[in-house]
$ cat input.cif   # mmCIF, C-alpha atoms
data_coords
loop_
_atom_site.label_atom_id
_atom_site.label_comp_id
_atom_site.auth_asym_id
_atom_site.auth_seq_id
_atom_site.Cartn_x
_atom_site.Cartn_y
_atom_site.Cartn_z
CA MET A 1 -28.54 -31.28 -22.11
CA THR A 2 -27.70 -34.59 -20.48
CA THR A 3 -24.35 -34.81 -22.25
CA ARG A 4 -23.25 -31.56 -20.60
CA ARG A 5 -23.81 -32.76 -17.04
CA ARG A 6 -20.72 -33.24 -14.92
CA PHE A 7 -20.49 -35.86 -12.20
CA LEU A 8 -17.88 -36.51 -9.55
CA GLY A 9 -17.26 -39.50 -7.33
CA ILE A 10 -14.41 -39.22 -4.84
CA ALA A 11 -13.83 -42.58 -3.20
CA ALA A 12 -11.54 -42.64 -0.15
CA ALA A 13 -10.68 -45.54 2.17
CA ALA A 14 -13.42 -45.36 4.81
CA ALA A 15 -14.86 -47.63 7.49
CA GLY A 16 -18.53 -48.32 6.91
CA LEU A 17 -19.33 -46.57 3.63
CA ALA A 18 -18.56 -46.98 -0.04
CA LEU A 19 -19.74 -45.87 -3.47
CA LEU A 20 -21.27 -49.03 -4.87
CA PRO A 21 -19.71 -50.83 -7.86
CA GLY A 22 -20.89 -49.72 -11.25
CA GLY A 23 -20.57 -46.12 -10.14
CA LEU A 24 -19.99 -43.51 -12.77
CA ARG A 25 -19.25 -45.75 -15.72
CA ALA A 26 -22.87 -46.91 -15.74
CA ALA A 27 -23.84 -43.61 -17.34
CA GLY A 28 -21.52 -44.07 -20.30
CA VAL A 29 -19.74 -40.78 -19.61
CA PRO A 30 -15.92 -40.69 -20.04
CA VAL A 31 -14.25 -41.04 -16.62
CA ARG A 32 -10.94 -39.54 -15.49
CA THR A 33 -9.29 -41.25 -12.49
CA TRP A 34 -6.69 -40.11 -9.94
CA ARG A 35 -5.17 -42.42 -7.30
CA GLY A 36 -3.14 -41.24 -4.34
CA VAL A 37 -3.47 -40.21 -0.69
CA ALA A 38 -6.04 -37.77 0.70
CA LEU A 39 -6.66 -37.11 4.41
CA GLY A 40 -4.11 -39.79 5.23
CA ALA A 41 -5.94 -42.57 3.35
CA ASP A 42 -5.45 -44.26 -0.01
CA SER A 43 -7.96 -42.52 -2.24
CA VAL A 44 -9.44 -42.60 -5.72
CA LEU A 45 -10.95 -39.57 -7.45
CA GLN A 46 -13.20 -40.26 -10.42
CA LEU A 47 -14.75 -37.57 -12.54
CA ALA A 48 -17.20 -38.23 -15.37
CA HIS A 49 -17.06 -35.32 -17.80
CA PRO A 50 -17.20 -34.94 -21.58
CA ASP A 51 -14.07 -32.72 -21.55
CA PRO A 52 -10.97 -34.57 -20.20
CA ALA A 53 -9.00 -31.35 -19.69
CA GLU A 54 -11.81 -29.83 -17.63
CA ALA A 55 -12.08 -33.07 -15.65
CA ASP A 56 -8.38 -32.89 -14.81
CA ARG A 57 -8.73 -29.27 -13.73
CA LEU A 58 -11.60 -30.09 -11.38
CA ILE A 59 -9.72 -33.04 -9.89
CA ALA A 60 -6.75 -30.75 -9.25
CA LEU A 61 -9.11 -28.27 -7.58
CA CYS A 62 -10.36 -31.01 -5.24
CA LEU A 63 -6.83 -32.05 -4.32
CA GLU A 64 -5.82 -28.44 -3.73
CA GLU A 65 -8.71 -27.93 -1.31
CA VAL A 66 -7.96 -31.15 0.59
CA ALA A 67 -4.26 -30.24 0.89
CA ARG A 68 -5.11 -26.74 2.10
CA LEU A 69 -7.37 -28.03 4.84
CA GLU A 70 -4.92 -30.76 5.86
CA ARG A 71 -2.45 -27.99 6.64
CA VAL A 72 -5.02 -26.69 9.13
CA PHE A 73 -6.54 -29.82 10.73
CA SER A 74 -3.93 -32.58 10.54
CA LEU A 75 -2.66 -34.13 13.78
CA TYR A 76 0.28 -35.67 11.93
CA ARG A 77 1.81 -32.65 10.17
CA THR A 78 4.13 -30.78 12.52
CA ASP A 79 3.36 -27.53 10.70
CA SER A 80 -0.45 -27.75 10.90
CA ALA A 81 -2.39 -25.12 12.81
CA LEU A 82 -3.97 -27.79 15.02
CA VAL A 83 -0.62 -29.29 16.01
CA ARG A 84 0.70 -25.84 16.89
CA LEU A 85 -2.38 -25.16 19.02
CA ASN A 86 -1.99 -28.45 20.90
CA ARG A 87 1.74 -27.89 21.38
CA ASP A 88 1.56 -24.31 22.65
CA GLY A 89 -1.90 -24.23 24.22
CA VAL A 90 -2.70 -21.05 22.32
CA LEU A 91 -2.78 -19.93 18.70
CA ASP A 92 -2.92 -16.29 17.70
CA ALA A 93 -4.26 -15.28 14.29
CA PRO A 94 -5.66 -18.79 13.64
CA PRO A 95 -6.79 -19.76 10.13
CA ALA A 96 -10.44 -18.94 9.47
CA ASP A 97 -11.26 -22.60 8.82
CA LEU A 98 -9.89 -23.61 12.21
CA VAL A 99 -11.98 -20.96 13.97
CA ARG A 100 -15.06 -21.99 12.01
CA LEU A 101 -14.69 -25.72 12.63
CA LEU A 102 -13.74 -25.37 16.30
CA SER A 103 -16.76 -23.10 16.78
CA GLU A 104 -18.98 -25.71 15.13
CA ALA A 105 -17.39 -28.46 17.24
CA VAL A 106 -18.12 -26.58 20.45
CA ALA A 107 -21.69 -25.97 19.29
CA PHE A 108 -22.14 -29.71 18.64
CA SER A 109 -20.74 -30.39 22.12
CA ARG A 110 -23.37 -28.16 23.66
CA ARG A 111 -26.22 -29.56 21.58
CA THR A 112 -25.26 -33.15 22.48
CA ASP A 113 -24.68 -32.41 26.19
CA GLY A 114 -20.99 -33.22 25.76
CA ALA A 115 -21.42 -36.58 23.99
CA PHE A 116 -19.37 -35.01 21.20
CA ASP A 117 -16.28 -33.25 22.55
CA PRO A 118 -13.24 -32.20 20.48
CA THR A 119 -11.00 -32.03 23.58
CA VAL A 120 -10.72 -35.84 23.94
CA GLN A 121 -7.21 -35.87 22.43
CA PRO A 122 -5.55 -36.49 25.86
CA LEU A 123 -7.54 -39.75 26.04
CA TRP A 124 -6.29 -40.79 22.60
CA GLN A 125 -2.73 -40.06 23.67
CA LEU A 126 -3.21 -42.03 26.89
CA TYR A 127 -4.66 -45.17 25.32
CA ALA A 128 -2.33 -45.16 22.31
CA GLY A 129 0.70 -44.74 24.58
CA HIS A 130 -0.47 -47.39 27.03
CA PHE A 131 -1.05 -50.13 24.47
CA ALA A 132 2.11 -49.27 22.51
CA ARG A 133 4.22 -50.40 25.46
CA PRO A 134 5.39 -54.03 25.58
CA GLY A 135 3.46 -56.05 28.13
CA ALA A 136 0.71 -53.43 28.46
CA ASP A 137 -2.00 -54.29 30.95
CA PRO A 138 -4.90 -55.59 28.80
CA ALA A 139 -7.33 -54.01 31.29
CA GLY A 140 -6.22 -50.58 30.12
CA PRO A 141 -4.48 -47.60 31.74
CA PRO A 142 -4.41 -47.29 35.55
CA GLU A 143 -7.47 -45.60 37.03
CA ALA A 144 -5.52 -42.64 38.45
CA VAL A 145 -3.86 -41.94 35.12
CA LEU A 146 -7.18 -42.24 33.29
CA ARG A 147 -8.80 -39.85 35.76
CA ALA A 148 -6.04 -37.28 35.20
CA ALA A 149 -6.53 -37.44 31.42
CA ARG A 150 -10.30 -37.27 31.78
CA ASN A 151 -9.96 -34.07 33.80
CA LEU A 152 -8.42 -32.43 30.72
CA VAL A 153 -11.51 -33.15 28.62
CA ASP A 154 -13.98 -30.26 28.65
CA HIS A 155 -15.18 -28.34 25.61
CA ARG A 156 -16.18 -25.47 27.91
CA LYS A 157 -12.49 -24.80 28.54
CA LEU A 158 -11.76 -24.27 24.85
CA ARG A 159 -11.76 -20.56 24.01
CA VAL A 160 -12.45 -19.83 20.35
CA GLU A 161 -12.30 -16.27 19.02
CA PRO A 162 -11.59 -14.93 15.51
CA GLY A 163 -8.12 -13.74 16.51
CA ARG A 164 -7.18 -16.32 19.09
CA VAL A 165 -7.79 -19.93 20.15
CA ALA A 166 -6.63 -21.11 23.57
CA PHE A 167 -7.08 -23.74 26.25
CA ALA A 168 -8.04 -22.78 29.78
CA ALA A 169 -5.94 -25.58 31.31
CA ARG A 170 -2.40 -26.79 30.66
CA GLY A 171 -2.23 -30.20 28.99
CA MET A 172 -5.48 -29.89 27.07
CA ALA A 173 -5.49 -30.84 23.39
CA VAL A 174 -7.98 -31.03 20.55
CA THR A 175 -8.69 -33.62 17.90
CA LEU A 176 -11.03 -32.91 15.00
CA ASN A 177 -11.04 -36.51 13.75
CA GLY A 178 -14.72 -36.83 14.65
CA ILE A 179 -15.79 -33.91 12.47
CA ALA A 180 -13.00 -32.76 10.11
CA GLN A 181 -13.60 -35.36 7.39
CA GLY A 182 -17.19 -34.20 7.15
CA TYR A 183 -16.12 -30.57 7.08
CA VAL A 184 -13.57 -31.18 4.31
CA THR A 185 -16.19 -33.13 2.36
CA ASP A 186 -18.54 -30.14 2.60
CA ARG A 187 -15.88 -27.66 1.52
CA VAL A 188 -14.92 -29.76 -1.52
CA SER A 189 -18.60 -30.15 -2.41
CA GLU A 190 -19.09 -26.39 -2.21
CA ARG A 191 -16.06 -25.69 -4.39
CA LEU A 192 -17.41 -28.04 -7.05
CA ARG A 193 -20.89 -26.55 -6.86
CA ALA A 194 -19.32 -23.11 -7.35
CA GLU A 195 -17.76 -24.52 -10.53
CA GLY A 196 -21.25 -25.30 -11.84
CA MET A 197 -21.39 -28.97 -10.91
CA THR A 198 -24.91 -29.88 -9.85
CA ASP A 199 -24.67 -33.70 -9.66
CA VAL A 200 -21.81 -34.71 -7.40
CA LEU A 201 -20.89 -37.48 -4.99
CA VAL A 202 -17.93 -36.68 -2.73
CA ASP A 203 -16.53 -39.42 -0.50
CA LEU A 204 -13.62 -38.41 1.70
CA GLY A 205 -14.32 -40.79 4.55
CA GLU A 206 -17.76 -39.23 4.86
CA ILE A 207 -20.11 -38.91 1.90
CA ARG A 208 -22.06 -35.98 0.51
CA ALA A 209 -24.32 -36.12 -2.53
CA LEU A 210 -25.43 -33.15 -4.59
CA GLY A 211 -28.13 -33.91 -7.12
CA HIS A 212 -28.29 -37.41 -8.53
CA HIS A 213 -26.36 -40.13 -10.34
CA PRO A 214 -25.62 -39.67 -14.06
CA SER A 215 -28.36 -42.21 -14.89
CA GLY A 216 -30.97 -40.01 -13.19
CA ARG A 217 -31.45 -42.25 -10.14
CA PRO A 218 -30.29 -41.42 -6.60
CA TRP A 219 -26.71 -42.14 -5.58
CA SER A 220 -26.27 -45.61 -4.03
CA VAL A 221 -24.10 -45.86 -0.93
CA GLY A 222 -23.21 -49.26 0.50
CA LEU A 223 -22.98 -49.88 4.25
CA ALA A 224 -20.21 -52.23 5.30
CA ASP A 225 -21.15 -54.98 7.71
CA PRO A 226 -19.21 -54.31 10.96
CA LEU A 227 -19.37 -58.02 11.81
CA MET A 228 -17.76 -59.31 8.62
CA ASP A 229 -15.16 -57.72 6.34
CA GLY A 230 -16.21 -57.43 2.73
CA ARG A 231 -19.92 -58.00 3.35
CA ASN A 232 -22.55 -55.38 2.55
CA ALA A 233 -25.06 -54.75 5.36
CA GLY A 234 -27.38 -52.58 3.29
CA THR A 235 -27.73 -49.78 0.78
CA LEU A 236 -28.77 -46.15 1.12
CA GLU A 237 -30.23 -44.17 -1.76
CA ILE A 238 -29.41 -40.47 -1.34
CA GLU A 239 -29.85 -37.14 -3.10
CA ASP A 240 -28.74 -33.83 -1.60
CA ARG A 241 -27.84 -35.61 1.63
CA ALA A 242 -24.74 -36.64 3.54
CA VAL A 243 -23.84 -39.91 5.25
CA ALA A 244 -21.25 -40.74 7.91
CA THR A 245 -20.45 -43.91 9.83
CA SER A 246 -18.57 -44.22 13.13
CA GLY A 247 -17.37 -47.57 14.44
CA GLY A 248 -14.67 -48.40 16.93
CA TYR A 249 -13.87 -51.63 15.06
CA GLY A 250 -11.93 -49.56 12.52
CA THR A 251 -9.26 -48.32 14.95
CA PRO A 252 -8.63 -50.61 17.95
CA PHE A 253 -5.79 -49.90 20.37
CA ASP A 254 -5.57 -53.43 21.79
CA PRO A 255 -5.51 -56.86 20.09
CA ALA A 256 -8.89 -57.80 21.61
CA GLY A 257 -10.54 -54.66 20.22
CA ARG A 258 -12.02 -53.64 23.59
CA PHE A 259 -10.38 -50.21 23.49
CA THR A 260 -10.89 -47.99 20.43
CA HIS A 261 -10.62 -44.38 19.27
CA LEU A 262 -14.24 -43.58 20.16
CA PHE A 263 -14.29 -42.14 23.69
CA ASP A 264 -17.04 -41.32 26.14
CA PRO A 265 -16.10 -37.80 27.29
CA ALA A 266 -18.11 -38.24 30.50
CA THR A 267 -16.13 -41.24 31.76
CA GLY A 268 -12.91 -41.30 29.77
CA GLY A 269 -13.70 -44.86 28.74
CA CYS A 270 -14.07 -46.21 25.23
CA ALA A 271 -17.51 -46.38 23.60
CA ARG A 272 -19.07 -49.85 23.74
CA GLU A 273 -22.76 -49.08 23.33
CA TRP A 274 -22.90 -49.67 19.55
CA LEU A 275 -20.90 -51.63 17.03
CA ALA A 276 -21.47 -48.97 14.36
CA VAL A 277 -23.52 -45.80 13.92
CA THR A 278 -24.55 -44.37 10.55
CA VAL A 279 -26.15 -40.93 10.32
CA LEU A 280 -27.89 -39.21 7.40
CA ALA A 281 -27.97 -35.42 7.55
CA PRO A 282 -28.26 -32.37 5.29
CA ASP A 283 -24.48 -31.88 5.37
CA ALA A 284 -21.42 -34.03 6.05
CA THR A 285 -20.17 -31.99 9.01
CA THR A 286 -23.39 -32.71 10.91
CA ALA A 287 -23.43 -36.36 9.87
CA ASP A 288 -19.82 -36.82 11.00
CA ALA A 289 -20.17 -35.12 14.39
CA LEU A 290 -23.54 -36.70 15.16
CA SER A 291 -22.38 -40.23 14.33
CA THR A 292 -19.52 -39.68 16.80
CA ALA A 293 -21.86 -38.38 19.51
CA LEU A 294 -24.41 -41.18 19.10
CA SER A 295 -21.65 -43.76 19.45
CA VAL A 296 -21.56 -43.10 23.22
CA ALA A 297 -25.31 -42.60 23.71
CA PRO A 298 -27.55 -45.32 25.20
CA GLU A 299 -30.59 -46.27 23.14
CA ALA A 300 -33.10 -43.94 24.79
CA ARG A 301 -30.65 -41.04 24.81
CA ALA A 302 -29.79 -41.52 21.13
CA ALA A 303 -33.36 -40.77 20.10
CA VAL A 304 -33.41 -37.60 22.23
CA LEU A 305 -30.16 -36.31 20.73
CA LEU A 306 -31.21 -37.06 17.15
CA ASP A 307 -34.42 -35.08 17.64
CA ARG A 308 -32.32 -31.95 18.18
CA PHE A 309 -31.01 -32.09 14.61
CA PRO A 310 -33.73 -31.53 11.98
CA GLY A 311 -33.54 -33.58 8.81
CA THR A 312 -31.40 -36.34 10.28
CA ALA A 313 -31.81 -40.10 10.62
CA ALA A 314 -29.65 -42.82 12.13
CA ARG A 315 -28.95 -46.52 11.81
CA LEU A 316 -27.37 -47.93 14.99
CA THR A 317 -25.97 -51.47 15.00
CA ARG A 318 -26.03 -53.21 18.37
CA ARG A 319 -23.21 -55.48 19.55
CA ASP A 320 -25.26 -58.55 18.59
CA GLY A 321 -25.71 -57.27 15.03
CA SER A 322 -29.34 -56.17 15.37
CA VAL A 323 -30.20 -52.70 14.11
CA LEU A 324 -32.08 -49.74 15.59
CA ALA A 325 -33.39 -47.30 12.97
CA LEU A 326 -34.19 -43.77 14.14
CA ARG A 327 -35.63 -40.84 12.22
CA ALA A 328 -35.74 -37.29 13.54
#

$ encode --input "input.cif" --output "structure tokens"
Amino acid sequence: MTTRRRFLGIAAAAAGLALLPGGLRAAGVPVRTWRGVALGADSVLQLAHPDPAEADRLIALCLEEVARLERVFSLYRTDSALVRLNRDGVLDAPPADLVRLLSEAVAFSRRTDGAFDPTVQPLWQLYAGHFARPGADPAGPPEAVLRAARNLVDHRKLRVEPGRVAFAARGMAVTLNGIAQGYVTDRVSERLRAEGMTDVLVDLGEIRALGHHPSGRPWSVGLADPLMDGRNAGTLEIEDRAVATSGGYGTPFDPAGRFTHLFDPATGGCAREWLAVTVLAPDATTADALSTALSVAPEARAAVLLDRFPGTAARLTRRDGSVLALRA
């Protein structure tokens, strides 16, 4: 019966995507709301469910899963598995989720010819440190220093085994910021599906939809305009799909916004090919990683890479605001 359906919308602070206004309340189902911090961002969890106590239990389950995975993937918690790996260069008996996601990250690196590479953390450290200094050269880090950091970037030197993860070179480090939000979104979605929820929208920086909106229509996801804050550049209607957007405009290192957190692993420079890249895929992990990879791909190369991932599509916004739409 329609009244027994359970619907979830988790809305986190994210660049490029948002659950459109009207959301869950449009179905007339009672909504429970939680506000706090998830994955380092101000977040809102909304659950439409006829039983408030069950809604609260499911929200707690979501928060528990996010907290568990943050203890594995966070770059900001000194006790996380990822921080310990980067600090020591090796991690014995790593958590299963770290092995799984690092294995997937390496696989994405291979399938994108290195356009996606989880070992770009030395570049992040270099640029963040350079521009944090007073009077930093606006042209960026010195060439010799950049070259040294670039030499530490190579997914082929990341050894991932069930009982051990290690780097082949001293000074290497991993970031999962280009894939972990999608992975966490998938894990939360799976937990909720295991609880019997068939119509779910999970937004934890990347979005995954299971089933449809309470009204029976597809879920509506708004695309933020990268050229103007607060303006909507379009709408996606999705069912049983995931969406992720990557855009350097969200995290600039310098006041001019020329240097951002999206790096080209091949050169060590910052991605400047596209203003924003949105990818639709069967799962959020793929959407997240592929949007990161396409951010450094020239137009012709982007189409080639997308073709390697069945069931995907992309919307790439050029620097002048024009849009290239690609479907695999």

$ residues_around --input "input.cif" --residues "Thr112 of chain A" --least-positions-apart "3" --cutoff "10 Å" --atoms "all atoms listed in the file" --output "VMD selection string"
chain A and resid 106 to 109 115 to 117 289 to 290 293 to 294 297 301 to 302 304 to 306 308 to 309

$ residues_around --input "input.cif" --residues "Asn177 of chain A" --least-positions-apart "5" --cutoff "10 Å" --atoms "only C-alpha atoms" --output "JSON list (two decimals) with C-alpha atoms, keeping the file's coordinate frame"
[["chain", "number", "residue", "atom", "x", "y", "z"],
["A", 73, "PHE", "CA", -6.54, -29.82, 10.73],
["A", 74, "SER", "CA", -3.93, -32.58, 10.54],
["A", 75, "LEU", "CA", -2.66, -34.13, 13.78],
["A", 118, "PRO", "CA", -13.24, -32.20, 20.48],
["A", 121, "GLN", "CA", -7.21, -35.87, 22.43],
["A", 182, "GLY", "CA", -17.19, -34.20, 7.15],
["A", 261, "HIS", "CA", -10.62, -44.38, 19.27],
["A", 288, "ASP", "CA", -19.82, -36.82, 11.00],
["A", 289, "ALA", "CA", -20.17, -35.12, 14.39],
["A", 292, "THR", "CA", -19.52, -39.68, 16.80]]

$ resolve_selection --input "input.cif" --expression "the PyMOL selection byres ((chain A and resi 157) around 8)" --output "list of chain:residue names"
A:Asp154, A:His155, A:Arg156, A:Leu158, A:Arg159, A:Phe167, A:Ala168, A:Ala169

$ closest_atom_pairs --input "input.cif" --of "segment 233-287 of chain A" --to "segment 311-328 of chain A" --cutoff "9 Å" --atoms "all atoms listed in the file" --output "tab-separated table"
residue	atom	partner	partner_atom	distance
A:Arg272	CA	A:Arg319	CA	8.1
A:Glu273	CA	A:Arg318	CA	7.2
A:Trp274	CA	A:Arg318	CA	4.9
A:Leu275	CA	A:Arg319	CA	5.1
A:Ala276	CA	A:Thr317	CA	5.2
A:Val277	CA	A:Leu316	CA	4.5
A:Thr278	CA	A:Arg315	CA	5.1
A:Val279	CA	A:Ala314	CA	4.4
A:Leu280	CA	A:Ala313	CA	5.2
A:Ala281	CA	A:Thr312	CA	4.5
A:Pro282	CA	A:Gly311	CA	6.5
A:Thr286	CA	A:Thr312	CA	8.8
A:Ala287	CA	A:Thr312	CA	8.0

$ write_last_selection --input "input.cif" --atoms "C-alpha atoms" --output "short mmCIF file (atom, residue, chain, number, x, y, z; two decimals), keeping the file's coordinate frame"
data_model
loop_
_atom_site.label_atom_id
_atom_site.label_comp_id
_atom_site.auth_asym_id
_atom_site.auth_seq_id
_atom_site.Cartn_x
_atom_site.Cartn_y
_atom_site.Cartn_z
CA ARG A 272 -19.07 -49.85 23.74
CA GLU A 273 -22.76 -49.08 23.33
CA TRP A 274 -22.90 -49.67 19.55
CA LEU A 275 -20.90 -51.63 17.03
CA ALA A 276 -21.47 -48.97 14.36
CA VAL A 277 -23.52 -45.80 13.92
CA THR A 278 -24.55 -44.37 10.55
CA VAL A 279 -26.15 -40.93 10.32
CA LEU A 280 -27.89 -39.21 7.40
CA ALA A 281 -27.97 -35.42 7.55
CA PRO A 282 -28.26 -32.37 5.29
CA THR A 286 -23.39 -32.71 10.91
CA ALA A 287 -23.43 -36.36 9.87
#

$ atom_distance --input "input.cif" --atom1 "atom CA of Ala173 of chain A" --atom2 "atom CA of Pro122 of chain A"
6.2 Å

$ closest_residue --input "input.cif" --among "A:Leu152, A:Val174, A:Ala136, A:Val202" --to "Val83 of chain A" --atoms "only C-alpha atoms"
A:Val174

$ residues_near_point --input "input.cif" --point "(-5.9, -17.4, 14.1)" --cutoff "9 Å" --atoms "all atoms listed in the file" --output "MDAnalysis selection string"
chainID A and resid 81 91:96 98:99 161:165

$ decode --input "input.cif" --residues "segment 153-213 of chain A" --atoms "C-alpha atoms" --output "PDB file, in the first residue's frame"
ATOM      1  CA  VAL A 153      51.899  10.530  -7.902  1.00  0.00           C
ATOM      2  CA  ASP A 154      51.494   7.059  -9.399  1.00  0.00           C
ATOM      3  CA  HIS A 155      48.654   4.645  -8.663  1.00  0.00           C
ATOM      4  CA  ARG A 156      50.872   1.792  -9.881  1.00  0.00           C
ATOM      5  CA  LYS A 157      53.044   2.276  -6.796  1.00  0.00           C
ATOM      6  CA  LEU A 158      50.131   1.703  -4.415  1.00  0.00           C
ATOM      7  CA  ARG A 159      50.102  -1.897  -3.193  1.00  0.00           C
ATOM      8  CA  VAL A 160      46.681  -3.069  -2.016  1.00  0.00           C
ATOM      9  CA  GLU A 161      46.233  -6.520  -0.486  1.00  0.00           C
ATOM     10  CA  PRO A 162      43.638  -7.853   1.979  1.00  0.00           C
ATOM     11  CA  GLY A 163      46.151  -7.901   4.827  1.00  0.00           C
ATOM     12  CA  ARG A 164      48.349  -4.970   3.920  1.00  0.00           C
ATOM     13  CA  VAL A 165      48.349  -1.633   2.093  1.00  0.00           C
ATOM     14  CA  ALA A 166      51.650   0.087   1.326  1.00  0.00           C
ATOM     15  CA  PHE A 167      53.366   2.663  -0.846  1.00  0.00           C
ATOM     16  CA  ALA A 168      56.332   1.731  -3.006  1.00  0.00           C
ATOM     17  CA  ALA A 169      58.007   5.131  -2.499  1.00  0.00           C
ATOM     18  CA  ARG A 170      58.612   7.268   0.580  1.00  0.00           C
ATOM     19  CA  GLY A 171      56.527  10.449   0.673  1.00  0.00           C
ATOM     20  CA  MET A 172      53.558   9.062  -1.234  1.00  0.00           C
ATOM     21  CA  ALA A 173      50.082   9.690   0.153  1.00  0.00           C
ATOM     22  CA  VAL A 174      46.497   8.928  -0.809  1.00  0.00           C
ATOM     23  CA  THR A 175      43.348  10.995  -0.858  1.00  0.00           C
ATOM     24  CA  LEU A 176      39.945   9.430  -1.455  1.00  0.00           C
ATOM     25  CA  ASN A 177      38.133  12.759  -1.746  1.00  0.00           C
ATOM     26  CA  GLY A 178      37.391  12.065  -5.409  1.00  0.00           C
ATOM     27  CA  ILE A 179      35.572   8.802  -4.712  1.00  0.00           C
ATOM     28  CA  ALA A 180      34.805   8.337  -0.991  1.00  0.00           C
ATOM     29  CA  GLN A 181      31.630  10.444  -0.915  1.00  0.00           C
ATOM     30  CA  GLY A 182      30.193   8.275  -3.659  1.00  0.00           C
ATOM     31  CA  TYR A 183      31.262   5.116  -1.858  1.00  0.00           C
ATOM     32  CA  VAL A 184      29.682   6.236   1.427  1.00  0.00           C
ATOM     33  CA  THR A 185      26.515   7.191  -0.440  1.00  0.00           C
ATOM     34  CA  ASP A 186      26.359   3.675  -1.902  1.00  0.00           C
ATOM     35  CA  ARG A 187      26.935   2.003   1.461  1.00  0.00           C
ATOM     36  CA  VAL A 188      24.191   4.057   3.136  1.00  0.00           C
ATOM     37  CA  SER A 189      21.844   3.288   0.249  1.00  0.00           C
ATOM     38  CA  GLU A 190      22.553  -0.429   0.603  1.00  0.00           C
ATOM     39  CA  ARG A 191      21.947  -0.368   4.353  1.00  0.00           C
ATOM     40  CA  LEU A 192      18.569   1.278   3.801  1.00  0.00           C
ATOM     41  CA  ARG A 193      17.636  -1.147   1.040  1.00  0.00           C
ATOM     42  CA  ALA A 194      18.485  -4.003   3.412  1.00  0.00           C
ATOM     43  CA  GLU A 195      15.992  -2.440   5.832  1.00  0.00           C
ATOM     44  CA  GLY A 196      13.276  -2.812   3.201  1.00  0.00           C
ATOM     45  CA  MET A 197      13.343   0.718   1.823  1.00  0.00           C
ATOM     46  CA  THR A 198      12.705   0.642  -1.909  1.00  0.00           C
ATOM     47  CA  ASP A 199      12.232   4.363  -2.660  1.00  0.00           C
ATOM     48  CA  VAL A 200      15.210   6.331  -1.408  1.00  0.00           C
ATOM     49  CA  LEU A 201      17.210   9.419  -2.304  1.00  0.00           C
ATOM     50  CA  VAL A 202      20.571   9.684  -0.543  1.00  0.00           C
ATOM     51  CA  ASP A 203      22.597  12.875  -0.935  1.00  0.00           C
ATOM     52  CA  LEU A 204      25.934  12.920   0.864  1.00  0.00           C
ATOM     53  CA  GLY A 205      27.750  15.202  -1.547  1.00  0.00           C
ATOM     54  CA  GLU A 206      26.948  12.735  -4.316  1.00  0.00           C
ATOM     55  CA  ILE A 207      23.415  11.526  -4.979  1.00  0.00           C
ATOM     56  CA  ARG A 208      21.948   8.063  -5.387  1.00  0.00           C
ATOM     57  CA  ALA A 209      18.291   7.309  -6.048  1.00  0.00           C
ATOM     58  CA  LEU A 210      16.578   4.005  -5.419  1.00  0.00           C
ATOM     59  CA  GLY A 211      13.082   3.753  -6.829  1.00  0.00           C
ATOM     60  CA  HIS A 212      11.077   6.938  -7.154  1.00  0.00           C
ATOM     61  CA  HIS A 213       9.708   9.960  -5.319  1.00  0.00           C
TER      62      HIS A 213
END
